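**Q** Got a file for you: protein_37.pdb, PDB, C-alpha atoms.
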ATOM      1  CA  MET Z  14      90.583 102.156 111.298  1.00  0.00           C
ATOM      2  CA  ALA Z  15      92.982 100.059 109.198  1.00  0.00           C
ATOM      3  CA  ASP Z  16      96.490  99.365 110.458  1.00  0.00           C
ATOM      4  CA  ARG Z  17      99.251 101.226 108.638  1.00  0.00           C
ATOM      5  CA  LEU Z  18     102.738  99.860 108.078  1.00  0.00           C
ATOM      6  CA  ALA Z  19     105.104 102.658 109.091  1.00  0.00           C
ATOM      7  CA  ASN Z  20     108.849 102.558 108.457  1.00  0.00           C
ATOM      8  CA  ARG Z  21     112.109 104.376 108.999  1.00  0.00           C
ATOM      9  CA  ILE Z  22     113.532 103.671 105.544  1.00  0.00           C
ATOM     10  CA  LYS Z  23     114.130 107.307 104.628  1.00  0.00           C
ATOM     11  CA  GLU Z  24     115.761 108.132 107.955  1.00  0.00           C
ATOM     12  CA  ARG Z  25     118.112 105.136 107.725  1.00  0.00           C
ATOM     13  CA  ARG Z  26     118.795 105.637 104.008  1.00  0.00           C
ATOM     14  CA  VAL Z  27     119.839 109.249 104.591  1.00  0.00           C
ATOM     15  CA  GLU Z  28     121.988 108.142 107.549  1.00  0.00           C
ATOM     16  CA  LEU Z  29     123.861 105.781 105.224  1.00  0.00           C
ATOM     17  CA  GLY Z  30     124.113 108.434 102.491  1.00  0.00           C
ATOM     18  CA  LEU Z  31     122.105 106.436  99.971  1.00  0.00           C
ATOM     19  CA  THR Z  32     119.725 107.768  97.346  1.00  0.00           C
ATOM     20  CA  GLN Z  33     116.445 105.995  96.580  1.00  0.00           C
ATOM     21  CA  ALA Z  34     117.961 104.831  93.286  1.00  0.00           C
ATOM     22  CA  GLU Z  35     121.027 103.354  95.030  1.00  0.00           C
ATOM     23  CA  LEU Z  36     118.900 101.525  97.582  1.00  0.00           C
ATOM     24  CA  ALA Z  37     116.622 100.286  94.801  1.00  0.00           C
ATOM     25  CA  GLU Z  38     119.611  98.893  92.924  1.00  0.00           C
ATOM     26  CA  ARG Z  39     120.828  97.086  96.062  1.00  0.00           C
ATOM     27  CA  VAL Z  40     117.510  95.303  96.557  1.00  0.00           C
ATOM     28  CA  GLY Z  41     116.738  94.742  92.858  1.00  0.00           C
ATOM     29  CA  VAL Z  42     113.639  96.901  92.416  1.00  0.00           C
ATOM     30  CA  THR Z  43     112.939 100.240  90.718  1.00  0.00           C
ATOM     31  CA  ARG Z  44     113.335 103.593  92.479  1.00  0.00           C
ATOM     32  CA  LYS Z  45     109.546 103.929  92.221  1.00  0.00           C
ATOM     33  CA  THR Z  46     109.011 100.897  94.465  1.00  0.00           C
ATOM     34  CA  VAL Z  47     111.407 102.221  97.111  1.00  0.00           C
ATOM     35  CA  ASN Z  48     109.578 105.571  96.900  1.00  0.00           C
ATOM     36  CA  THR Z  49     106.154 103.988  97.436  1.00  0.00           C
ATOM     37  CA  VAL Z  50     107.323 101.802 100.338  1.00  0.00           C
ATOM     38  CA  GLU Z  51     109.141 104.739 101.938  1.00  0.00           C
ATOM     39  CA  ASN Z  52     105.979 106.859 101.747  1.00  0.00           C
ATOM     40  CA  SER Z  53     103.769 103.997 103.019  1.00  0.00           C
ATOM     41  CA  VAL Z  54     101.791 104.068  99.751  1.00  0.00           C
ATOM     42  CA  PHE Z  55     102.654 100.438  99.039  1.00  0.00           C
ATOM     43  CA  THR Z  56     102.943  97.582 101.550  1.00  0.00           C
ATOM     44  CA  PRO Z  57     105.937  95.446 100.539  1.00  0.00           C
ATOM     45  CA  SER Z  58     105.987  91.658 100.463  1.00  0.00           C
ATOM     46  CA  ALA Z  59     107.864  89.833 103.230  1.00  0.00           C
ATOM     47  CA  THR Z  60     110.667  89.136 100.730  1.00  0.00           C
ATOM     48  CA  LEU Z  61     111.116  92.805  99.867  1.00  0.00           C
ATOM     49  CA  ALA Z  62     110.863  93.856 103.524  1.00  0.00           C
ATOM     50  CA  ILE Z  63     113.670  91.422 104.432  1.00  0.00           C
ATOM     51  CA  LYS Z  64     115.809  92.618 101.494  1.00  0.00           C
ATOM     52  CA  LEU Z  65     115.285  96.276 102.454  1.00  0.00           C
ATOM     53  CA  ALA Z  66     116.149  95.586 106.084  1.00  0.00           C
ATOM     54  CA  ALA Z  67     119.304  93.700 105.085  1.00  0.00           C
ATOM     55  CA  ALA Z  68     120.392  96.475 102.698  1.00  0.00           C
ATOM     56  CA  LEU Z  69     119.918  99.064 105.439  1.00  0.00           C
ATOM     57  CA  GLY Z  70     121.622  96.957 108.130  1.00  0.00           C
ATOM     58  CA  LEU Z  71     118.565  96.660 110.382  1.00  0.00           C
ATOM     59  CA  SER Z  72     116.148  93.908 111.347  1.00  0.00           C
ATOM     60  CA  VAL Z  73     112.690  93.917 109.771  1.00  0.00           C
ATOM     61  CA  GLU Z  74     111.168  94.836 113.167  1.00  0.00           C
ATOM     62  CA  GLN Z  75     113.505  97.825 113.484  1.00  0.00           C
ATOM     63  CA  LEU Z  76     112.662  99.026 109.977  1.00  0.00           C
ATOM     64  CA  PHE Z  77     108.901  98.436 109.968  1.00  0.00           C
ATOM     65  CA  TRP Z  78     106.192  98.675 112.596  1.00  0.00           C
ATOM     66  CA  ILE Z  79     102.416  98.807 112.671  1.00  0.00           C
ATOM     67  CA  GLU Z  80     100.743 102.121 113.440  1.00  0.00           C
ATOM     68  CA  ARG Z  81      97.169 101.982 114.695  1.00  0.00           C
TER      69      ARG Z  81
ATOM     70  CA  MET T  13     126.888 109.153  74.857  1.00  0.00           C
ATOM     71  CA  THR T  14     126.798 107.765  78.390  1.00  0.00           C
ATOM     72  CA  GLN T  15     125.708 104.177  78.836  1.00  0.00           C
ATOM     73  CA  ARG T  16     122.668 103.910  81.095  1.00  0.00           C
ATOM     74  CA  THR T  17     122.617 101.183  83.722  1.00  0.00           C
ATOM     75  CA  ILE T  18     119.733  98.718  83.671  1.00  0.00           C
ATOM     76  CA  ALA T  19     118.242 100.410  86.762  1.00  0.00           C
ATOM     77  CA  GLU T  20     118.388 103.871  85.163  1.00  0.00           C
ATOM     78  CA  LYS T  21     116.868 102.584  81.956  1.00  0.00           C
ATOM     79  CA  ALA T  22     114.068 100.799  83.869  1.00  0.00           C
ATOM     80  CA  ASP T  23     113.358 103.960  85.881  1.00  0.00           C
ATOM     81  CA  HIS T  24     113.276 106.099  82.735  1.00  0.00           C
ATOM     82  CA  LEU T  25     110.889 103.710  80.946  1.00  0.00           C
ATOM     83  CA  SER T  26     108.718 103.340  84.013  1.00  0.00           C
ATOM     84  CA  ARG T  27     108.343 107.145  84.269  1.00  0.00           C
ATOM     85  CA  ARG T  28     107.524 107.357  80.582  1.00  0.00           C
ATOM     86  CA  ARG T  29     104.878 104.661  80.985  1.00  0.00           C
ATOM     87  CA  ALA T  30     103.360 106.507  83.952  1.00  0.00           C
ATOM     88  CA  ARG T  31     103.062 109.668  81.828  1.00  0.00           C
ATOM     89  CA  MET T  32     101.685 107.882  78.764  1.00  0.00           C
ATOM     90  CA  LEU T  33      99.125 105.442  80.212  1.00  0.00           C
ATOM     91  CA  PRO T  34      96.482 107.964  81.363  1.00  0.00           C
ATOM     92  CA  MET T  35      96.780 109.802  78.022  1.00  0.00           C
ATOM     93  CA  LEU T  36      96.411 106.526  76.119  1.00  0.00           C
ATOM     94  CA  ALA T  37      93.343 105.632  78.203  1.00  0.00           C
ATOM     95  CA  VAL T  38      91.682 108.985  77.425  1.00  0.00           C
ATOM     96  CA  PHE T  39      92.564 108.667  73.720  1.00  0.00           C
ATOM     97  CA  TYR T  40      91.187 105.114  73.663  1.00  0.00           C
ATOM     98  CA  LEU T  41      87.892 106.109  75.278  1.00  0.00           C
ATOM     99  CA  ILE T  42      87.465 109.171  73.011  1.00  0.00           C
ATOM    100  CA  GLN T  43      88.153 106.946  69.988  1.00  0.00           C
ATOM    101  CA  GLN T  44      84.944 105.029  70.781  1.00  0.00           C
ATOM    102  CA  THR T  45      82.795 107.943  69.594  1.00  0.00           C
ATOM    103  CA  THR T  46      84.144 107.267  66.095  1.00  0.00           C
ATOM    104  CA  TYR T  47      82.862 103.705  66.259  1.00  0.00           C
ATOM    105  CA  PHE T  48      79.318 104.724  67.119  1.00  0.00           C
ATOM    106  CA  ARG T  49      79.353 107.457  64.487  1.00  0.00           C
ATOM    107  CA  SER T  50      80.386 104.916  61.847  1.00  0.00           C
ATOM    108  CA  THR T  51      77.862 102.226  62.900  1.00  0.00           C
ATOM    109  CA  ALA T  52      75.071 104.833  62.824  1.00  0.00           C
ATOM    110  CA  ASN T  53      75.778 105.256  59.121  1.00  0.00           C
ATOM    111  CA  PRO T  54      73.715 102.684  57.107  1.00  0.00           C
ATOM    112  CA  HIS T  55      76.349 102.773  54.349  1.00  0.00           C
ATOM    113  CA  PRO T  56      79.745 102.540  56.067  1.00  0.00           C
ATOM    114  CA  ARG T  57      82.668 103.968  54.147  1.00  0.00           C
ATOM    115  CA  ASP T  58      86.029 102.204  53.795  1.00  0.00           C
ATOM    116  CA  VAL T  59      87.513 104.564  56.385  1.00  0.00           C
ATOM    117  CA  ASP T  60      84.962 103.324  58.946  1.00  0.00           C
ATOM    118  CA  TYR T  61      86.309  99.785  58.578  1.00  0.00           C
ATOM    119  CA  VAL T  62      89.802 101.151  59.133  1.00  0.00           C
ATOM    120  CA  TRP T  63      88.654 102.804  62.391  1.00  0.00           C
ATOM    121  CA  ILE T  64      87.006  99.588  63.598  1.00  0.00           C
ATOM    122  CA  GLY T  65      90.157  97.619  62.693  1.00  0.00           C
ATOM    123  CA  ALA T  66      92.272 100.176  64.576  1.00  0.00           C
ATOM    124  CA  TRP T  67      90.026  99.772  67.636  1.00  0.00           C
ATOM    125  CA  VAL T  68      90.426  95.972  67.582  1.00  0.00           C
ATOM    126  CA  VAL T  69      94.215  96.222  67.231  1.00  0.00           C
ATOM    127  CA  LEU T  70      94.508  98.882  69.952  1.00  0.00           C
ATOM    128  CA  SER T  71      92.257  96.847  72.302  1.00  0.00           C
ATOM    129  CA  LEU T  72      94.426  93.755  71.844  1.00  0.00           C
ATOM    130  CA  LEU T  73      97.604  95.779  72.372  1.00  0.00           C
ATOM    131  CA  ILE T  74      96.199  97.330  75.556  1.00  0.00           C
ATOM    132  CA  LEU T  75      95.148  93.898  76.826  1.00  0.00           C
ATOM    133  CA  ALA T  76      98.614  92.511  76.081  1.00  0.00           C
ATOM    134  CA  GLY T  77     100.209  95.518  77.810  1.00  0.00           C
ATOM    135  CA  LEU T  78      98.037  95.019  80.881  1.00  0.00           C
ATOM    136  CA  THR T  79      98.557  91.284  81.205  1.00  0.00           C
ATOM    137  CA  THR T  80     102.262  91.023  80.364  1.00  0.00           C
ATOM    138  CA  LYS T  81     105.335  92.972  81.442  1.00  0.00           C
ATOM    139  CA  GLY T  82     105.133  95.137  78.318  1.00  0.00           C
ATOM    140  CA  PHE T  83     108.227  96.783  76.752  1.00  0.00           C
ATOM    141  CA  TRP T  84     108.604  93.772  74.462  1.00  0.00           C
ATOM    142  CA  LEU T  85     111.548  95.274  72.575  1.00  0.00           C
ATOM    143  CA  GLN T  86     113.649  95.879  75.691  1.00  0.00           C
ATOM    144  CA  GLN T  87     116.194  93.460  77.128  1.00  0.00           C
ATOM    145  CA  ARG T  88     114.904  90.883  79.606  1.00  0.00           C
ATOM    146  CA  GLU T  89     116.696  92.400  82.656  1.00  0.00           C
ATOM    147  CA  VAL T  90     115.071  95.778  82.031  1.00  0.00           C
ATOM    148  CA  ARG T  91     111.627  94.208  81.562  1.00  0.00           C
ATOM    149  CA  ASP T  92     111.999  92.157  84.769  1.00  0.00           C
ATOM    150  CA  LEU T  93     113.029  95.228  86.745  1.00  0.00           C
ATOM    151  CA  ILE T  94     110.183  97.404  85.436  1.00  0.00           C
ATOM    152  CA  ASP T  95     107.778  94.638  86.406  1.00  0.00           C
ATOM    153  CA  ASP T  96     108.770  94.705  90.082  1.00  0.00           C
ATOM    154  CA  GLU T  97     106.268  94.118  92.859  1.00  0.00           C
ATOM    155  CA  SER T  98     104.733  97.600  93.063  1.00  0.00           C
ATOM    156  CA  SER T  99     104.127  97.569  89.274  1.00  0.00           C
ATOM    157  CA  ARG T 100     102.532  94.124  89.528  1.00  0.00           C
ATOM    158  CA  ALA T 101     100.315  95.296  92.388  1.00  0.00           C
ATOM    159  CA  ASN T 102      99.272  98.405  90.424  1.00  0.00           C
ATOM    160  CA  ARG T 103      98.564  96.335  87.323  1.00  0.00           C
ATOM    161  CA  LEU T 104      96.427  93.861  89.295  1.00  0.00           C
ATOM    162  CA  GLU T 105      94.501  96.737  90.872  1.00  0.00           C
ATOM    163  CA  GLY T 106      93.877  98.162  87.390  1.00  0.00           C
ATOM    164  CA  LEU T 107      92.674  94.784  86.086  1.00  0.00           C
ATOM    165  CA  ARG T 108      90.446  94.338  89.151  1.00  0.00           C
ATOM    166  CA  LEU T 109      88.721  97.671  88.518  1.00  0.00           C
ATOM    167  CA  GLY T 110      88.487  96.930  84.782  1.00  0.00           C
ATOM    168  CA  PHE T 111      86.718  93.649  85.533  1.00  0.00           C
ATOM    169  CA  ILE T 112      84.236  95.330  87.899  1.00  0.00           C
ATOM    170  CA  VAL T 113      83.503  98.091  85.355  1.00  0.00           C
ATOM    171  CA  ALA T 114      83.002  95.496  82.584  1.00  0.00           C
ATOM    172  CA  VAL T 115      80.539  93.472  84.702  1.00  0.00           C
ATOM    173  CA  LEU T 116      78.598  96.558  85.808  1.00  0.00           C
ATOM    174  CA  THR T 117      78.473  97.795  82.201  1.00  0.00           C
ATOM    175  CA  ALA T 118      77.127  94.399  81.088  1.00  0.00           C
ATOM    176  CA  VAL T 119      74.412  94.552  83.765  1.00  0.00           C
ATOM    177  CA  ALA T 120      73.502  98.133  82.762  1.00  0.00           C
ATOM    178  CA  LEU T 121      73.315  97.211  79.061  1.00  0.00           C
ATOM    179  CA  TYR T 122      71.167  94.190  79.874  1.00  0.00           C
ATOM    180  CA  LEU T 123      68.634  96.517  81.526  1.00  0.00           C
ATOM    181  CA  VAL T 124      68.915  99.222  78.828  1.00  0.00           C
ATOM    182  CA  ASP T 125      68.276  96.600  76.130  1.00  0.00           C
ATOM    183  CA  GLU T 126      64.753  96.149  77.526  1.00  0.00           C
ATOM    184  CA  PHE T 127      63.881  99.694  76.432  1.00  0.00           C
ATOM    185  CA  SER T 128      66.347 100.394  73.662  1.00  0.00           C
ATOM    186  CA  PRO T 129      67.467  97.188  71.894  1.00  0.00           C
ATOM    187  CA  MET T 130      71.045  97.044  70.697  1.00  0.00           C
ATOM    188  CA  THR T 131      73.090  94.601  68.670  1.00  0.00           C
ATOM    189  CA  ALA T 132      75.449  92.122  70.343  1.00  0.00           C
ATOM    190  CA  ARG T 133      78.290  93.832  68.504  1.00  0.00           C
ATOM    191  CA  GLU T 134      77.460  97.206  70.055  1.00  0.00           C
ATOM    192  CA  ALA T 135      77.126  95.704  73.536  1.00  0.00           C
ATOM    193  CA  ILE T 136      80.458  93.896  73.266  1.00  0.00           C
ATOM    194  CA  HIS T 137      82.105  97.077  72.044  1.00  0.00           C
ATOM    195  CA  VAL T 138      80.855  99.124  74.999  1.00  0.00           C
ATOM    196  CA  ILE T 139      81.716  96.444  77.613  1.00  0.00           C
ATOM    197  CA  LEU T 140      85.196  95.867  76.201  1.00  0.00           C
ATOM    198  CA  SER T 141      86.011  99.541  75.771  1.00  0.00           C
ATOM    199  CA  LEU T 142      84.864 100.629  79.223  1.00  0.00           C
ATOM    200  CA  GLY T 143      86.483  97.629  80.940  1.00  0.00           C
ATOM    201  CA  LEU T 144      89.827  98.054  79.208  1.00  0.00           C
ATOM    202  CA  GLY T 145      89.709 101.852  79.458  1.00  0.00           C
ATOM    203  CA  ALA T 146      89.034 101.748  83.208  1.00  0.00           C
ATOM    204  CA  ALA T 147      91.823  99.205  83.794  1.00  0.00           C
ATOM    205  CA  LEU T 148      94.291 101.271  81.781  1.00  0.00           C
ATOM    206  CA  LEU T 149      93.333 104.533  83.453  1.00  0.00           C
ATOM    207  CA  ARG T 150      93.574 103.070  86.968  1.00  0.00           C
ATOM    208  CA  PHE T 151      96.940 101.424  86.272  1.00  0.00           C
ATOM    209  CA  GLY T 152      98.253 104.681  84.810  1.00  0.00           C
ATOM    210  CA  MET T 153      97.044 106.795  87.730  1.00  0.00           C
ATOM    211  CA  LEU T 154      98.588 104.408  90.273  1.00  0.00           C
ATOM    212  CA  GLU T 155     101.897 104.417  88.396  1.00  0.00           C
ATOM    213  CA  ARG T 156     101.894 108.231  88.318  1.00  0.00           C
ATOM    214  CA  ARG T 157     101.213 108.376  92.041  1.00  0.00           C
ATOM    215  CA  ALA T 158     104.013 105.876  92.691  1.00  0.00           C
ATOM    216  CA  HIS T 159     106.546 108.147  90.976  1.00  0.00           C
ATOM    217  CA  ARG T 160     105.470 111.224  92.921  1.00  0.00           C
ATOM    218  CA  PRO T 161     107.959 112.140  95.659  1.00  0.00           C
ATOM    219  CA  GLY T 162     106.561 111.891  99.198  1.00  0.00           C
TER     220      GLY T 162
END
Could I get this structure in the form of structure tokens?
**A**
Amino acid sequence: MADRLANRIKERRVELGLTQAELAERVGVTRKTVNTVENSVFTPSATLAIKLAAALGLSVEQLFWIER
Amino acid sequence: MTQRTIAEKADHLSRRRARMLPMLAVFYLIQQTTYFRSTANPHPRDVDYVWIGAWVVLSLLILAGLTTKGFWLQQREVRDLIDDESSRANRLEGLRLGFIVAVLTAVALYLVDEFSPMTAREAIHVILSLGLGAALLRFGMLERRAHRPG
């Protein structure tokens, strides 16, 4: 079975009181992209993963992990 | 009137595109029946040339829309934002499927031609229409799915 990139973006975003649109604006993408990454529909590039982690105040490893 | 931010405008246009693309793909594919109706007529009317011209223009517009950021009349910041990495990935996936469909259609027509000969013009029309239509439909479906809340 293929590995799946899981994340805690939604959990952390809600903790910080951010909407998808606000997070998207912070990292310079559309709300749609945040939505697809959050729902594990789209696997982000390393650049976007780093930007998301920085915007949410976590390391990339804390924000993303591989589910087998 | 409230002034929309670039992000809001990009989101609005992106949603609109996601709604419109599958409809445009279906319209484009249905339009092909007109072409074959007009070429079946040994004495084409002026209106048939208009339909063929419309198909060529629409095909080129779809190709341009699929290979560029689109939204040519919008400001650069909005266009850059709409074309973020998930849009680029969806577009590439659409083009990948369009290419596969075009190649398979060409192979199928090559075999069909053995039993039912067709003109090069007809073959090109079918390959181009199915390839572009499949790419457009796939891109549109992926964009719709991307906007759906989880």
**Q** To test your reading of the syntax: which residues would the PyMOL selection byres ((chain T) within 9 of (chain Z)) return for the file shown? Reply as a list in words.
**A** Ala19, Glu20, Ala22, Asp23, Ser26, Arg27, Leu93, Ile94, Asp95, Asp96, Glu97, Ser98, Ser99, Ala101, Glu155, Arg157, Ala158, His159, Arg160, Pro161 and Gly162 of chain T
**Q** Here is a test: counting only C-alpha atoms, which residue of T:Thr117, T:Asn102, T:Thr45, T:Gln87 is nearest to Leu149 (chain T)?
**A**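 Using only C-alpha atoms, Leu149 (chain T) sits closest to T:Asn102.
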**Q** With the PyMOL selection byres ((chain Z and resi 16) around 10) as the selection, what would be picked from this file? Answer as a list in words, please.
**A**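 This file, filtered by the PyMOL selection byres ((chain Z and resi 16) around 10), leaves Met14, Ala15, Arg17, Leu18, Ala19, Trp78, Ile79, Glu80 and Arg81 of chain Z.
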**Q** Dump as JSON, numbers by chain all residues having an atom at most 12 Å from (90.4, 98.0, 91.3), computed in the file's coordinates with only C-alpha atoms.
**A** {"T": [101, 102, 103, 104, 105, 106, 107, 108, 109, 110, 111, 112, 113, 114, 143, 146, 147, 148, 149, 150, 151, 153, 154]}
**Q** Mind telling me what the PyMOL selection byres ((chain T and resi 67) around 10) catches here, as a short mmCIF file (atom, residue, chain, number, x, y, z; two decimals) with C-alpha atoms, in the coordinates of the input?
**A**
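Heads up, here's the output in selection.cif:
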data_model
loop_
_atom_site.label_atom_id
_atom_site.label_comp_id
_atom_site.auth_asym_id
_atom_site.auth_seq_id
_atom_site.Cartn_x
_atom_site.Cartn_y
_atom_site.Cartn_z
CA TYR T 40 91.19 105.11 73.66
CA GLN T 43 88.15 106.95 69.99
CA GLN T 44 84.94 105.03 70.78
CA THR T 46 84.14 107.27 66.10
CA TYR T 47 82.86 103.70 66.26
CA TYR T 61 86.31 99.78 58.58
CA VAL T 62 89.80 101.15 59.13
CA TRP T 63 88.65 102.80 62.39
CA ILE T 64 87.01 99.59 63.60
CA GLY T 65 90.16 97.62 62.69
CA ALA T 66 92.27 100.18 64.58
CA VAL T 68 90.43 95.97 67.58
CA VAL T 69 94.22 96.22 67.23
CA LEU T 70 94.51 98.88 69.95
CA SER T 71 92.26 96.85 72.30
CA LEU T 72 94.43 93.76 71.84
CA LEU T 73 97.60 95.78 72.37
CA HIS T 137 82.10 97.08 72.04
CA SER T 141 86.01 99.54 75.77
#
**Q** Have a look at T:Phe48, T:Thr80, T:Val59, T:Arg29 and name the one nearest to Ala135 (chain T); count all atoms listed in the file.
**A** T:Phe48
**Q** If we count only C-alpha atoms and set the cut-off at 7 Å, which residues sit around Leu76 (chain Z), ignoring sequence neighbours fewer than 6 positions away in its own chain? Please answer as number ranges by chain.
**A** Z: 20-22, 66
